[in-house]
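Data block below; observations after.
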Amino acid sequence: MTDRSRKLSGNFEFRVGDFYGGYKHSYEVGASYRVNYHLNASFNYSLNNISLPQPNGHFNMHLLSTRFNYSFSTNIFLNALVQYNSDLRQWSSNIRFNIIHRPLSDLFVVYNEQRDSKSGDLEDRAVILKFTYMLSR
């Protein structure tokens with residue numbers, strides 16, 4: 001991994017090991033670009049080569065993901081994650097808006113969506129509101 005405090009950074013990772021009685025080789029490569037102190041974007045590609053002892057137990061899974069982070073101020077953030085999973089043949093998106101109104105007290109508004117990659121049909125959608133408030137004595 002290169003220095004993430006730089007304007008442009010990258011990463012590469014290789015893992016190998018046991019996986020449910022078989023084995024798994026994982027390769028991951030990614031890059032991040034800090035446009036300015038408000039906006040950061042990143043891209044990641046992961047390949048999982050999995051072999052299980054069952055018949056037809058060998059498969060590859062590709063995962064592509066893109067992430068955007070925008071800071072309106074030191075206590076208001078917008079984060080977005082869009083990813084494609086080749087095994088599920090599915091696009092997923094997660095958008096989160098976060099307001100920190102005081103330390104350990106937040107308001108989150110989250111939007112999640114999953115779509116079939118072939119038909120584009122909506123499989124799941126949710127809007128979630130979460131409020132945390134730190135009680136002090």
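In the structure tokens, chains take letters A, B, ... by order of appearance, with residues numbered from 1 within each chain and ligands from 1 in the order shown.
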All strand (DSSP E or B) residues (DSSP, backbone) inside chain A, as a PyMOL selection string: chain A and resi 8-19+22-34+39-51+58-73+76-85+90-102+105-116+122-131
Selection near Phe131 (chain A), 7 Å with only C-alpha atoms, sequence-local residues under 3 positions removed, as an MDAnalysis selection string: chainID A and resid 106:108
Might you pull out every residue within 7 Å of region 35-50 of chain A, with only C-alpha atoms counted and same-chain residues fewer than 3 positions away left off, and present them as a ChimeraX atom specification? /A:23-32,58-72
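Contact shell of Arg102 (chain A) at 9 Å (only C-alpha atoms; same-chain neighbours under 2 positions omitted): Asn75, Ile99, Ile100, Leu104, Ser105, Asp106, Tyr133 and Met134 of chain A.
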Write the residues you've just listed into a file as an mmCIF file, in the first residue's frame, and include N, CA and C atoms for each of them.
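Result went into part.cif, see below:
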```
data_model
loop_
_atom_site.group_PDB
_atom_site.id
_atom_site.type_symbol
_atom_site.label_atom_id
_atom_site.label_comp_id
_atom_site.auth_asym_id
_atom_site.auth_seq_id
_atom_site.Cartn_x
_atom_site.Cartn_y
_atom_site.Cartn_z
ATOM 1 N N ASN A 75 -18.268 18.139 10.309
ATOM 2 C CA ASN A 75 -19.275 17.297 10.954
ATOM 3 C C ASN A 75 -20.454 16.913 10.048
ATOM 4 N N ILE A 99 -24.618 13.455 9.912
ATOM 5 C CA ILE A 99 -24.448 14.740 10.602
ATOM 6 C C ILE A 99 -24.053 14.428 12.045
ATOM 7 N N ILE A 100 -22.924 14.949 12.447
ATOM 8 C CA ILE A 100 -22.483 14.809 13.844
ATOM 9 C C ILE A 100 -22.905 16.101 14.541
ATOM 10 N N LEU A 104 -20.138 11.850 19.687
ATOM 11 C CA LEU A 104 -20.858 10.613 19.960
ATOM 12 C C LEU A 104 -22.371 10.739 19.785
ATOM 13 N N SER A 105 -22.823 11.750 19.065
ATOM 14 C CA SER A 105 -24.239 11.948 18.776
ATOM 15 C C SER A 105 -24.383 12.271 17.295
ATOM 16 N N ASP A 106 -25.018 11.360 16.556
ATOM 17 C CA ASP A 106 -25.070 11.449 15.099
ATOM 18 C C ASP A 106 -26.480 11.252 14.576
ATOM 19 N N TYR A 133 -27.619 9.497 20.406
ATOM 20 C CA TYR A 133 -27.476 10.639 21.291
ATOM 21 C C TYR A 133 -26.766 10.206 22.547
ATOM 22 N N MET A 134 -25.672 10.848 22.862
ATOM 23 C CA MET A 134 -24.880 10.509 24.037
ATOM 24 C C MET A 134 -25.483 11.192 25.265
#
```
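With only C-alpha atoms as the atoms that count, the minimum distance from Ser117 (chain A) to the choices A:Leu129, A:Met1, A:Val16, A:Leu88 is reached by A:Leu88.
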Spatial neighbours of Glu113 (chain A), 8 Å, only C-alpha atoms, chain gap at least 3 places, as JSON, numbers by chain: {"A": [92, 93, 94, 122, 123, 124, 125, 126]}
Could the residues in this selection be saved with N, CA, C and O atoms as a PDB file, in the first residue's frame?
```pdb
ATOM      1  N   SER A  92     -24.918  -3.286  -6.273  1.00  0.00           N
ATOM      2  CA  SER A  92     -25.370  -2.795  -4.974  1.00  0.00           C
ATOM      3  C   SER A  92     -24.900  -1.364  -4.796  1.00  0.00           C
ATOM      4  O   SER A  92     -23.794  -1.017  -5.200  1.00  0.00           O
ATOM      5  N   SER A  93     -25.751  -0.557  -4.188  1.00  0.00           N
ATOM      6  CA  SER A  93     -25.346   0.810  -3.881  1.00  0.00           C
ATOM      7  C   SER A  93     -25.753   1.136  -2.449  1.00  0.00           C
ATOM      8  O   SER A  93     -26.766   0.654  -1.942  1.00  0.00           O
ATOM      9  N   ASN A  94     -24.929   1.932  -1.824  1.00  0.00           N
ATOM     10  CA  ASN A  94     -25.149   2.356  -0.447  1.00  0.00           C
ATOM     11  C   ASN A  94     -24.751   3.814  -0.371  1.00  0.00           C
ATOM     12  O   ASN A  94     -23.607   4.162  -0.663  1.00  0.00           O
ATOM     13  N   LEU A 122     -35.071  -4.250  -9.876  1.00  0.00           N
ATOM     14  CA  LEU A 122     -34.817  -3.941  -8.477  1.00  0.00           C
ATOM     15  C   LEU A 122     -35.050  -5.180  -7.630  1.00  0.00           C
ATOM     16  O   LEU A 122     -36.096  -5.820  -7.718  1.00  0.00           O
ATOM     17  N   GLU A 123     -34.062  -5.556  -6.811  1.00  0.00           N
ATOM     18  CA  GLU A 123     -34.188  -6.717  -5.931  1.00  0.00           C
ATOM     19  C   GLU A 123     -34.468  -6.312  -4.492  1.00  0.00           C
ATOM     20  O   GLU A 123     -35.146  -7.018  -3.764  1.00  0.00           O
ATOM     21  N   ASP A 124     -33.915  -5.185  -4.082  1.00  0.00           N
ATOM     22  CA  ASP A 124     -34.094  -4.749  -2.698  1.00  0.00           C
ATOM     23  C   ASP A 124     -33.816  -3.256  -2.619  1.00  0.00           C
ATOM     24  O   ASP A 124     -32.946  -2.733  -3.325  1.00  0.00           O
ATOM     25  N   ARG A 125     -34.541  -2.576  -1.740  1.00  0.00           N
ATOM     26  CA  ARG A 125     -34.332  -1.141  -1.529  1.00  0.00           C
ATOM     27  C   ARG A 125     -34.707  -0.819  -0.088  1.00  0.00           C
ATOM     28  O   ARG A 125     -35.675  -1.347   0.444  1.00  0.00           O
ATOM     29  N   ALA A 126     -33.926   0.051   0.533  1.00  0.00           N
ATOM     30  CA  ALA A 126     -34.220   0.441   1.916  1.00  0.00           C
ATOM     31  C   ALA A 126     -33.747   1.863   2.161  1.00  0.00           C
ATOM     32  O   ALA A 126     -32.712   2.289   1.644  1.00  0.00           O
TER      33      ALA A 126
END
```
Report, in Å to a single decimal, how far apart CA of Trp91 (chain A) and CA of Ile128 (chain A) are.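 Atom-to-atom, CA of Ile128 (chain A) and CA of Trp91 (chain A) are spaced 19.1 Å apart.
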